[in-house]
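For reference, entry.cif (mmCIF, C-alpha atoms):
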```cif
data_my_file
#
loop_
_atom_site.label_atom_id
_atom_site.label_comp_id
_atom_site.auth_asym_id
_atom_site.auth_seq_id
_atom_site.Cartn_x
_atom_site.Cartn_y
_atom_site.Cartn_z
CA MET A 1 87.98 144.60 222.40
CA GLU A 2 87.80 148.00 220.75
CA MET A 3 84.42 148.86 219.29
CA GLN A 4 84.41 149.84 215.61
CA THR A 5 82.34 152.88 214.67
CA VAL A 6 79.98 152.36 211.76
CA GLN A 7 80.39 155.22 209.32
CA PRO A 8 77.27 156.78 207.78
CA GLU A 9 76.63 156.31 204.07
CA VAL A 10 77.04 160.05 203.59
CA VAL A 11 79.65 161.64 205.82
CA VAL A 12 78.62 165.24 206.44
CA GLU A 13 81.25 167.50 207.94
CA ARG A 14 82.64 170.99 208.03
CA ASN A 15 86.27 171.62 207.07
CA GLY A 16 87.08 175.29 207.51
CA ALA A 17 84.52 177.18 205.46
CA ILE A 18 83.75 174.13 203.31
CA GLY A 19 80.71 171.96 203.90
CA ARG A 20 81.75 168.46 202.82
CA LEU A 21 79.63 165.60 201.57
CA ARG A 22 81.56 162.34 201.30
CA LEU A 23 79.56 159.55 199.66
CA ASN A 24 80.48 156.49 201.68
CA ARG A 25 79.28 153.27 200.05
CA PRO A 26 82.54 152.36 198.31
CA ARG A 27 81.69 148.66 197.97
CA ALA A 28 78.60 149.71 195.99
CA LEU A 29 80.55 152.36 194.06
CA ASN A 30 78.77 154.94 196.21
CA SER A 31 75.43 154.20 194.52
CA LEU A 32 72.68 156.38 195.93
CA ASN A 33 69.83 155.05 198.03
CA LEU A 34 66.94 157.01 199.53
CA ALA A 35 68.66 157.47 202.88
CA MET A 36 71.66 159.02 201.12
CA ILE A 37 69.47 161.35 199.09
CA ARG A 38 67.77 162.52 202.28
CA ALA A 39 71.12 163.01 204.02
CA ILE A 40 72.36 165.14 201.11
CA ASP A 41 69.17 167.18 201.11
CA ALA A 42 69.37 167.85 204.86
CA ALA A 43 73.04 168.79 204.60
CA LEU A 44 72.39 171.22 201.76
CA THR A 45 69.77 172.93 203.89
CA GLU A 46 72.21 173.27 206.79
CA PHE A 47 75.10 174.43 204.59
CA GLU A 48 72.98 177.00 202.79
CA ARG A 49 71.75 178.51 206.05
CA ASN A 50 75.13 178.55 207.80
CA PRO A 51 76.98 181.85 207.17
CA ALA A 52 80.26 180.17 208.15
CA ILE A 53 80.00 177.87 205.11
CA ALA A 54 81.29 179.42 201.90
CA ALA A 55 80.93 176.43 199.57
CA VAL A 56 79.98 172.76 199.37
CA LEU A 57 82.37 170.02 198.25
CA VAL A 58 81.15 166.58 197.11
CA THR A 59 83.51 163.61 196.84
CA GLY A 60 83.28 159.83 196.79
CA GLU A 61 85.03 157.49 199.20
CA GLY A 62 87.08 154.59 197.89
CA GLU A 63 89.35 154.33 194.89
CA ARG A 64 86.84 153.65 192.13
CA GLY A 65 84.65 156.68 191.70
CA LEU A 66 82.34 159.43 192.84
CA CYS A 67 79.06 157.56 192.25
CA ALA A 68 77.93 154.81 189.88
CA GLY A 69 74.28 155.88 189.94
CA GLY A 70 71.10 155.17 191.84
CA ASP A 71 70.43 151.94 193.69
CA ILE A 72 68.92 150.24 190.68
CA ARG A 73 68.90 146.84 192.38
CA MET A 74 66.51 148.18 195.02
CA ILE A 75 64.16 149.50 192.35
CA TYR A 76 64.36 146.21 190.46
CA GLU A 77 63.50 144.20 193.57
CA SER A 78 60.67 146.45 194.75
CA GLY A 79 59.30 147.80 191.47
CA ARG A 80 56.58 145.27 190.67
CA GLU A 81 55.15 144.75 194.15
CA ARG A 82 56.01 148.06 195.84
CA PRO A 83 56.25 150.58 193.00
CA HIS A 84 55.80 153.48 195.42
CA GLU A 85 59.33 152.84 196.76
CA GLY A 86 61.01 153.44 193.40
CA ALA A 87 58.74 156.39 192.67
CA GLN A 88 59.59 157.98 196.03
CA PHE A 89 63.32 157.51 195.43
CA TRP A 90 63.17 159.22 192.04
CA ARG A 91 60.95 162.01 193.38
CA GLU A 92 63.36 162.94 196.16
CA GLU A 93 66.43 162.42 193.98
CA PHE A 94 65.15 164.76 191.28
CA ILE A 95 64.24 167.43 193.83
CA VAL A 96 67.83 167.29 195.12
CA ASN A 97 69.13 167.58 191.53
CA SER A 98 67.08 170.75 191.18
CA ARG A 99 68.36 172.09 194.50
CA ILE A 100 71.96 171.59 193.39
CA ASP A 101 71.32 173.50 190.16
CA ALA A 102 69.82 176.43 192.10
CA PHE A 103 72.11 176.24 195.13
CA GLY A 104 73.02 179.65 196.47
CA LYS A 105 76.68 178.92 197.20
CA PRO A 106 79.47 177.38 195.12
CA TYR A 107 78.86 173.65 194.74
CA ILE A 108 82.06 171.78 193.90
CA ALA A 109 81.98 168.18 192.65
CA ILE A 110 85.16 166.16 192.25
CA MET A 111 84.22 163.68 189.53
CA ASP A 112 87.16 161.32 190.00
CA GLY A 113 86.69 157.76 188.70
CA ILE A 114 83.25 156.42 187.78
CA VAL A 115 80.47 159.00 187.43
CA MET A 116 77.28 157.52 186.01
CA GLY A 117 73.53 158.02 186.18
CA GLY A 118 72.64 159.41 189.59
CA GLY A 119 76.29 160.40 190.04
CA VAL A 120 75.84 162.78 187.13
CA GLY A 121 72.79 164.25 188.87
CA ILE A 122 74.72 165.18 192.01
CA SER A 123 77.72 166.57 190.11
CA SER A 124 76.95 168.02 186.69
CA HIS A 125 74.27 170.37 188.04
CA GLY A 126 76.88 171.97 190.29
CA SER A 127 78.69 175.25 189.70
CA HIS A 128 82.27 173.85 189.77
CA ARG A 129 82.74 170.41 188.22
CA ILE A 130 86.17 168.82 188.29
CA VAL A 131 87.31 165.78 186.30
CA THR A 132 90.58 163.84 186.39
CA GLU A 133 92.47 161.37 184.23
CA LYS A 134 90.52 158.61 186.03
CA THR A 135 87.07 159.98 185.19
CA ARG A 136 84.73 157.58 183.39
CA PHE A 137 81.55 159.52 182.73
CA ALA A 138 78.36 157.99 181.30
CA MET A 139 74.60 157.98 181.11
CA PRO A 140 74.29 154.24 180.30
CA GLU A 141 70.53 153.87 180.74
CA THR A 142 69.54 152.72 177.25
CA GLY A 143 71.60 149.58 177.94
CA ILE A 144 69.36 148.61 180.86
CA GLY A 145 65.99 149.34 179.27
CA TYR A 146 65.74 152.72 180.97
CA PHE A 147 66.32 156.32 179.78
CA THR A 148 68.51 159.30 180.62
CA ASP A 149 67.21 160.97 183.79
CA VAL A 150 68.50 163.09 186.75
CA GLY A 151 68.10 166.15 184.55
CA ALA A 152 70.27 164.75 181.76
CA THR A 153 67.53 165.60 179.27
CA TRP A 154 68.31 169.22 180.18
CA LEU A 155 72.12 168.86 180.26
CA LEU A 156 72.76 166.73 177.18
CA PRO A 157 70.87 168.90 174.67
CA ARG A 158 73.10 171.80 175.72
CA ALA A 159 76.28 170.06 174.63
CA PRO A 160 77.75 171.32 171.33
CA GLY A 161 76.06 169.98 168.22
CA GLU A 162 74.68 166.47 168.67
CA PHE A 163 77.31 165.24 171.10
CA GLY A 164 74.76 165.04 173.91
CA THR A 165 72.40 163.06 171.69
CA TYR A 166 75.23 160.63 170.99
CA LEU A 167 76.02 160.22 174.70
CA GLY A 168 72.38 159.76 175.67
CA LEU A 169 71.57 157.18 173.02
CA THR A 170 74.76 155.11 173.06
CA GLY A 171 75.38 155.28 176.81
CA ARG A 172 79.09 155.25 176.01
CA ASP A 173 81.46 156.16 178.84
CA VAL A 174 83.87 159.00 178.15
CA GLY A 175 86.85 160.60 179.81
CA ALA A 176 87.67 164.07 181.05
CA ALA A 177 88.17 165.88 177.75
CA ALA A 178 84.88 164.65 176.28
CA ALA A 179 82.99 165.48 179.50
CA ILE A 180 84.35 169.02 179.39
CA TYR A 181 83.56 169.34 175.67
CA ALA A 182 79.99 168.24 176.40
CA ARG A 183 79.70 171.00 179.05
CA LEU A 184 79.10 168.36 181.72
CA ALA A 185 82.30 169.30 183.54
CA ASP A 186 84.43 172.43 183.75
CA SER A 187 88.02 171.76 184.78
CA PHE A 188 90.65 169.02 184.56
CA VAL A 189 92.79 168.50 187.66
CA PRO A 190 95.30 165.62 187.81
CA SER A 191 94.28 163.25 190.60
CA GLU A 192 97.63 163.70 192.32
CA LYS A 193 96.73 167.35 192.89
CA LEU A 194 93.30 166.77 194.41
CA ASP A 195 94.52 166.69 198.02
CA GLY A 196 96.26 170.02 197.50
CA LEU A 197 93.14 171.49 195.91
CA ILE A 198 90.97 170.36 198.80
CA ALA A 199 93.46 171.85 201.26
CA SER A 200 93.35 175.19 199.45
CA LEU A 201 89.54 175.14 199.39
CA VAL A 202 89.44 174.47 203.13
CA GLU A 203 91.63 177.54 203.68
CA LEU A 204 89.11 179.84 201.97
CA PRO A 205 87.37 182.33 204.27
CA PRO A 206 83.61 182.22 204.93
CA SER A 207 83.28 185.26 202.67
CA ALA A 208 84.72 183.38 199.68
CA THR A 209 82.77 183.55 196.43
CA GLY A 210 82.53 181.47 193.30
CA LYS A 211 85.39 183.51 191.83
CA ASP A 212 87.61 182.50 194.75
CA VAL A 213 86.72 178.85 194.24
CA SER A 214 87.46 179.16 190.53
CA ALA A 215 90.85 180.71 191.28
CA ALA A 216 91.75 177.85 193.60
CA ILE A 217 90.84 175.34 190.89
CA ARG A 218 92.74 177.22 188.18
CA ALA A 219 95.88 177.10 190.29
CA VAL A 220 96.07 173.31 189.91
CA ALA A 221 94.13 172.76 186.67
CA ALA A 222 95.71 171.52 183.47
CA GLU A 223 94.69 170.60 179.95
CA ALA A 224 92.82 167.32 179.82
CA PRO A 225 94.42 164.44 177.90
CA ALA A 226 93.18 164.28 174.31
CA SER A 227 90.08 162.21 173.55
CA ALA A 228 90.00 160.14 170.36
CA LEU A 229 86.21 160.36 170.46
CA LEU A 230 86.36 164.08 169.74
CA ASP A 231 87.98 163.31 166.37
CA HIS A 232 84.53 162.11 165.29
CA VAL A 233 82.49 165.17 166.29
CA ALA A 234 81.64 166.12 162.70
CA LEU A 235 80.29 162.63 162.00
CA ILE A 236 78.33 162.63 165.26
CA ASP A 237 76.80 166.02 164.50
CA ARG A 238 75.77 164.87 161.02
CA CYS A 239 74.42 161.42 161.85
CA PHE A 240 72.67 162.25 165.14
CA ALA A 241 70.90 165.39 163.90
CA PHE A 242 67.68 163.52 163.06
CA ASP A 243 64.55 163.32 165.17
CA THR A 244 63.94 159.59 164.72
CA VAL A 245 66.13 156.69 165.73
CA GLU A 246 65.56 155.05 162.35
CA GLU A 247 67.04 158.05 160.52
CA ILE A 248 70.05 158.10 162.84
CA LEU A 249 70.72 154.41 162.20
CA ALA A 250 70.33 154.92 158.45
CA ALA A 251 72.78 157.83 158.50
CA LEU A 252 75.36 155.75 160.36
CA GLU A 253 74.91 152.88 157.93
CA GLU A 254 75.29 155.20 154.95
CA ASP A 255 78.45 156.76 156.39
CA GLY A 256 80.11 153.35 156.55
CA SER A 257 83.25 154.41 158.44
CA ASP A 258 84.68 152.18 161.16
CA PHE A 259 83.41 154.56 163.84
CA ALA A 260 79.94 154.68 162.27
CA ARG A 261 79.79 150.88 162.07
CA GLU A 262 80.89 150.51 165.69
CA THR A 263 78.30 153.08 166.81
CA LEU A 264 75.58 151.37 164.78
CA ALA A 265 76.43 148.00 166.31
CA LEU A 266 76.33 149.50 169.80
CA LEU A 267 72.94 151.13 169.26
CA LYS A 268 71.51 147.84 168.04
CA THR A 269 72.27 146.30 171.44
CA ARG A 270 70.14 148.90 173.23
CA SER A 271 66.46 148.66 174.11
CA ALA A 272 64.37 149.98 171.22
CA ILE A 273 61.85 151.51 173.62
CA SER A 274 64.66 153.20 175.53
CA LEU A 275 66.24 154.61 172.38
CA LYS A 276 63.00 156.12 171.12
CA LEU A 277 61.96 157.47 174.51
CA THR A 278 65.39 158.94 175.20
CA LEU A 279 65.57 160.69 171.83
CA SER A 280 62.07 162.12 172.31
CA LEU A 281 62.98 163.43 175.77
CA LEU A 282 66.28 164.89 174.57
CA ARG A 283 64.50 166.79 171.82
CA ALA A 284 61.87 168.01 174.29
CA GLY A 285 64.68 169.06 176.63
CA ARG A 286 66.24 171.14 173.89
CA ARG A 287 63.00 173.13 173.66
CA SER A 288 62.53 173.43 177.43
CA ALA A 289 62.98 176.65 179.36
CA THR A 290 64.13 175.18 182.68
CA LEU A 291 65.72 172.14 184.26
CA ASN A 292 62.57 171.60 186.32
CA ASP A 293 60.50 171.20 183.16
CA CYS A 294 62.79 168.33 182.17
CA LEU A 295 62.75 166.75 185.62
CA GLU A 296 58.94 166.77 185.64
CA ARG A 297 58.93 165.04 182.27
CA GLU A 298 61.53 162.52 183.40
CA TYR A 299 59.60 161.72 186.55
CA ALA A 300 56.53 160.78 184.53
CA GLY A 301 58.74 158.44 182.54
CA CYS A 302 60.23 156.91 185.68
CA VAL A 303 56.86 156.04 187.17
CA ALA A 304 55.83 154.33 183.92
CA MET A 305 59.16 152.49 183.80
CA LEU A 306 58.08 150.41 186.78
CA SER A 307 55.73 148.51 184.47
CA ASN A 308 58.13 148.30 181.51
CA PRO A 309 59.44 144.73 180.94
CA ASP A 310 62.57 146.02 179.22
CA PHE A 311 63.63 147.76 182.43
CA TYR A 312 63.52 144.56 184.46
CA GLU A 313 65.20 142.56 181.71
CA GLY A 314 67.94 145.16 181.31
CA VAL A 315 68.70 145.31 185.02
CA ARG A 316 68.62 141.52 185.21
CA ALA A 317 71.20 141.20 182.45
CA ALA A 318 73.47 143.99 183.71
CA VAL A 319 73.18 143.82 187.51
CA ILE A 320 71.46 140.65 188.71
CA ASP A 321 72.65 137.77 186.48
CA LYS A 322 75.36 139.84 184.77
CA ASP A 323 75.15 137.83 181.56
CA ARG A 324 75.16 141.07 179.50
CA ASN A 325 72.64 139.51 177.13
CA PRO A 326 69.25 141.19 177.52
CA LYS A 327 66.28 139.96 175.50
CA TRP A 328 64.30 143.08 174.70
CA SER A 329 60.52 142.85 174.43
CA VAL A 330 60.19 144.54 171.03
CA GLY A 331 62.31 145.57 168.07
CA LEU A 332 62.60 149.10 166.76
CA GLU A 333 59.91 148.62 164.13
CA GLU A 334 57.48 147.36 166.78
CA VAL A 335 57.62 150.42 169.03
CA THR A 336 54.36 152.30 168.58
CA PRO A 337 53.43 155.87 169.54
CA GLN A 338 51.01 154.38 172.07
CA MET A 339 53.87 152.55 173.80
CA LEU A 340 55.81 155.77 174.16
CA ALA A 341 52.79 157.85 175.18
CA ARG A 342 52.40 156.00 178.47
CA PHE A 343 55.82 157.25 179.60
CA LYS A 344 54.64 160.83 179.24
CA ARG A 345 51.54 160.70 181.42
CA TYR A 346 51.55 161.01 185.19
CA GLU A 347 48.45 161.63 187.27
CA GLY A 348 50.16 162.24 190.61
CA SER A 349 51.29 165.48 192.21
CA PRO A 350 54.03 167.41 190.39
CA LEU A 351 57.59 167.59 191.69
CA PHE A 352 57.58 171.37 191.65
CA ALA A 353 54.95 174.04 192.12
CA GLY A 354 53.34 174.78 188.82
CA GLY A 355 54.51 171.45 187.35
#
```

Please express what this file holds, its structure, as C-alpha cells.
Amino acid sequence: MEMQTVQPEVVVERNGAIGRLRLNRPRALNSLNLAMIRAIDAALTEFERNPAIAAVLVTGEGERGLCAGGDIRMIYESGRERPHEGAQFWREEFIVNSRIDAFGKPYIAIMDGIVMGGGVGISSHGSHRIVTEKTRFAMPETGIGYFTDVGATWLLPRAPGEFGTYLGLTGRDVGAAAAIYARLADSFVPSEKLDGLIASLVELPPSATGKDVSAAIRAVAAEAPASALLDHVALIDRCFAFDTVEEILAALEEDGSDFARETLALLKTRSAISLKLTLSLLRAGRRSATLNDCLEREYAGCVAMLSNPDFYEGVRAAVIDKDRNPKWSVGLEEVTPQMLARFKRYEGSPLFAGG
C-alpha cells in the first residue's frame, strides 16, 4: 500500500524567485492556528534573508477562500481555563501582521474567495493585494461579541469617508470593488487569470522590484464588477460620522431609506459592547501615528475579551451551536464607561519595543 504524505498546514516553497506561502487547512477555510502563524513568521524570516527571493506570494488552498480568520473555536474552548493560549495566539499573530506591513520585499496576497478576520491581517497589510469576482471580504467581529483586530483599527479608518466605520461596525461582507474602494485591496484580477499571473510572477528575476510585480499584475488586471453598496457612500459618510453608536443609530433612523433601515436592523443584532468598543478603537486608530500603536491597543482588548461573556455567547451562536441567535449580556443603554475601560488596560509586556 502506498503511503500518503501528510501536507503541512502552511506549505512553504520557492517557485523561481517567488517565496510562496500556501495556507493549507481547506476544510477549516484555512483558519489560522498558532502553528500556522509560527510557520508564516519563520518563512518570512527566510524569504527576507534570501537574496534569490524577490517577492512573497500568499494564497489559500481549496476552492472557498484565502482565510476565514483565526481559530476562534480554539480560543473559545481554552479561553476560560487557559487564557494564556488565546493571548499567546493573538500576540504572535499581531507581530506577524506588523512584519507584513514592514516587509522589505513585495508581499503579494491573492484574496480569492473568503477573506475575513485573521485573513485580512495576512493580506491587507501587504504591498500588493489582489481581489477577484469571488472575493467576500469582511471584519465580522461585532457579530460574535468581539471587535475588529489584526490591525483593522489602523486600516479601516484610512478608508474614504466613513466607509471603514461602516464595515467595522456592521461586519458586512463585501466584494472586490468595495474592498478596493476601502483601500483594503489594490487590484482586481479575474480568477481565471490567476494561474497566468502566478506563472508570470514566478518568471520574475531575483532582482525584481515592486514595480515589476505591479507591472505583472496590471497585465491581467481589469475593472472590478460594480458594487451596489457603493451607491450608498454618501449616506454612510453622513450617518456614520458620529463618535457614539447611539448617534449613528439615530441618524440611520432619521434617514429612513430602505438601506438605512436595513443597516439599522443589522446593527441591532450586534453585541452592544462590541459596537461601542469597536467604534472607540476605530476613532483612536484614526488619530494613531503607526499600525503598531493600533496593534498594541487591540492586544489589550483581546486579553480582556477572554473574560467577556458576549464573546463566548457570540462564538457559541455562530460557530459551536450555529443557531445564529446570540443572547447578549447587556443592551446599548447598559454599556458603561467602566465596562469599556477594562478592554483598554493591559499590565503585561508590550508587543513592540516602546509599546

Translate the PyMOL selection byres ((chain A and resi 16) around 7), as applied to the file shown, into an explicit residue set as a list in words.
-> Arg14, Asn15, Ala17, Ile18, Val202 and Glu203 of chain A

Cut-off 8 Å: closest region 210-248 of chain A/region 105-128 of chain A atom pairs per residue, using all atoms listed in the file, as a Markdown table:
```
| residue | atom | partner | partner_atom | distance |
| --- | --- | --- | --- | --- |
| A:Gly210 | CA | A:Pro106 | CA | 5.4 |
| A:Val213 | CA | A:Pro106 | CA | 7.4 |
| A:Ser214 | CA | A:His128 | CA | 7.5 |
```

Please check which residues have atoms at most 9 Å from (64.5, 160.1, 172.5) in the file's coordinates, counting only C-alpha atoms, and write them as a PyMOL selection string.
-> chain A and resi 147+165+168-169+243-245+274-284

Same residues, C-alpha atoms, output as an mmCIF file, keeping the file's coordinate frame:
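Below is the file part.cif, written as the result:
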```cif
data_model
loop_
_atom_site.group_PDB
_atom_site.id
_atom_site.type_symbol
_atom_site.label_atom_id
_atom_site.label_comp_id
_atom_site.auth_asym_id
_atom_site.auth_seq_id
_atom_site.Cartn_x
_atom_site.Cartn_y
_atom_site.Cartn_z
ATOM 1 C CA PHE A 147 66.320 156.320 179.780
ATOM 2 C CA THR A 165 72.400 163.060 171.690
ATOM 3 C CA GLY A 168 72.380 159.760 175.670
ATOM 4 C CA LEU A 169 71.570 157.180 173.020
ATOM 5 C CA ASP A 243 64.550 163.320 165.170
ATOM 6 C CA THR A 244 63.940 159.590 164.720
ATOM 7 C CA VAL A 245 66.130 156.690 165.730
ATOM 8 C CA SER A 274 64.660 153.200 175.530
ATOM 9 C CA LEU A 275 66.240 154.610 172.380
ATOM 10 C CA LYS A 276 63.000 156.120 171.120
ATOM 11 C CA LEU A 277 61.960 157.470 174.510
ATOM 12 C CA THR A 278 65.390 158.940 175.200
ATOM 13 C CA LEU A 279 65.570 160.690 171.830
ATOM 14 C CA SER A 280 62.070 162.120 172.310
ATOM 15 C CA LEU A 281 62.980 163.430 175.770
ATOM 16 C CA LEU A 282 66.280 164.890 174.570
ATOM 17 C CA ARG A 283 64.500 166.790 171.820
ATOM 18 C CA ALA A 284 61.870 168.010 174.290
#
```

Determine the residue set returned by the PyMOL selection byres ((chain A and resi 269) around 10) for the present structure, and present it as an NGL selection string.
-> :A and (142-143 or 170 or 264-268 or 270-272 or 325-328)

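Nearest-residue note for Glu262 (chain A): choosing from A:Arg345, A:Arg238, A:Lys193, A:Arg172, the minimum distance belongs to A:Arg172, counting all atoms listed in the file.
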
Name the residues captured by the PyMOL selection byres ((chain A and resi 63) around 9) when it is applied to the shown file; answer as a PyMOL selection string.
-> chain A and resi 26+60-62+64-66+112-113

For region 132-143 of chain A, I'd like the enclosing box, axis-aligned and padded by 3 Å on every side, reported as AutoDock Vina command-line options with centre and edge lengths in Å to one decimal.
```
--center_x 81.0 --center_y 156.7 --center_z 181.8 --size_x 28.9 --size_y 20.3 --size_z 15.1
```

Can you list, as a ChimeraX atom specification, every protein, DNA or RNA residue that comes within 8 Å of Ala87 (chain A) when you count all atoms listed in the file, leaving out same-chain residues fewer than 3 positions away?
-> /A:83-84,90-91,302-303

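Candidate residues A:Thr45, A:Ser307, A:Ser227, A:Thr263 were compared for distance to Glu81 (chain A), and the nearest is A:Ser307, using only C-alpha atoms.
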
With the input short on atoms, add N, CA, C and O atoms back to region 75-89 of chain A and write it as a tab-separated table (two decimals), keeping the file's coordinate frame.
```tsv
chain	number	residue	atom	x	y	z
A	75	ILE	N	65.33	149.21	193.16
A	75	ILE	CA	64.16	149.50	192.35
A	75	ILE	C	63.72	148.24	191.60
A	75	ILE	O	62.52	147.96	191.48
A	76	TYR	N	64.67	147.47	191.13
A	76	TYR	CA	64.36	146.21	190.46
A	76	TYR	C	63.61	145.26	191.39
A	76	TYR	O	62.62	144.64	191.01
A	77	GLU	N	64.09	145.16	192.62
A	77	GLU	CA	63.50	144.20	193.57
A	77	GLU	C	62.14	144.65	194.09
A	77	GLU	O	61.29	143.82	194.42
A	78	SER	N	61.93	145.95	194.17
A	78	SER	CA	60.67	146.45	194.75
A	78	SER	C	59.65	146.88	193.71
A	78	SER	O	58.46	147.03	194.01
A	79	GLY	N	60.10	147.09	192.47
A	79	GLY	CA	59.30	147.80	191.47
A	79	GLY	C	57.95	147.21	191.17
A	79	GLY	O	56.96	147.93	191.04
A	80	ARG	N	57.86	145.88	191.06
A	80	ARG	CA	56.58	145.27	190.67
A	80	ARG	C	55.59	145.23	191.83
A	80	ARG	O	54.39	145.46	191.63
A	81	GLU	N	56.06	144.92	193.01
A	81	GLU	CA	55.15	144.75	194.15
A	81	GLU	C	55.01	146.01	195.00
A	81	GLU	O	53.97	146.22	195.62
A	82	ARG	N	56.05	146.83	195.03
A	82	ARG	CA	56.01	148.06	195.84
A	82	ARG	C	56.50	149.24	194.98
A	82	ARG	O	57.53	149.86	195.28
A	83	PRO	N	55.78	149.54	193.92
A	83	PRO	CA	56.25	150.58	193.00
A	83	PRO	C	56.42	151.94	193.66
A	83	PRO	O	57.19	152.77	193.17
A	84	HIS	N	55.69	152.18	194.75
A	84	HIS	CA	55.80	153.48	195.42
A	84	HIS	C	57.22	153.73	195.93
A	84	HIS	O	57.64	154.88	196.07
A	85	GLU	N	57.97	152.66	196.23
A	85	GLU	CA	59.33	152.84	196.76
A	85	GLU	C	60.26	153.43	195.70
A	85	GLU	O	61.01	154.38	195.96
A	86	GLY	N	60.20	152.88	194.48
A	86	GLY	CA	61.01	153.44	193.40
A	86	GLY	C	60.58	154.85	193.05
A	86	GLY	O	61.41	155.74	192.83
A	87	ALA	N	59.26	155.06	193.01
A	87	ALA	CA	58.74	156.39	192.67
A	87	ALA	C	59.18	157.42	193.70
A	87	ALA	O	59.54	158.56	193.35
A	88	GLN	N	59.17	157.05	194.98
A	88	GLN	CA	59.59	157.98	196.03
A	88	GLN	C	61.08	158.29	195.93
A	88	GLN	O	61.49	159.44	196.12
A	89	PHE	N	61.89	157.27	195.61
A	89	PHE	CA	63.32	157.51	195.43
A	89	PHE	C	63.56	158.52	194.33
A	89	PHE	O	64.29	159.51	194.51
```
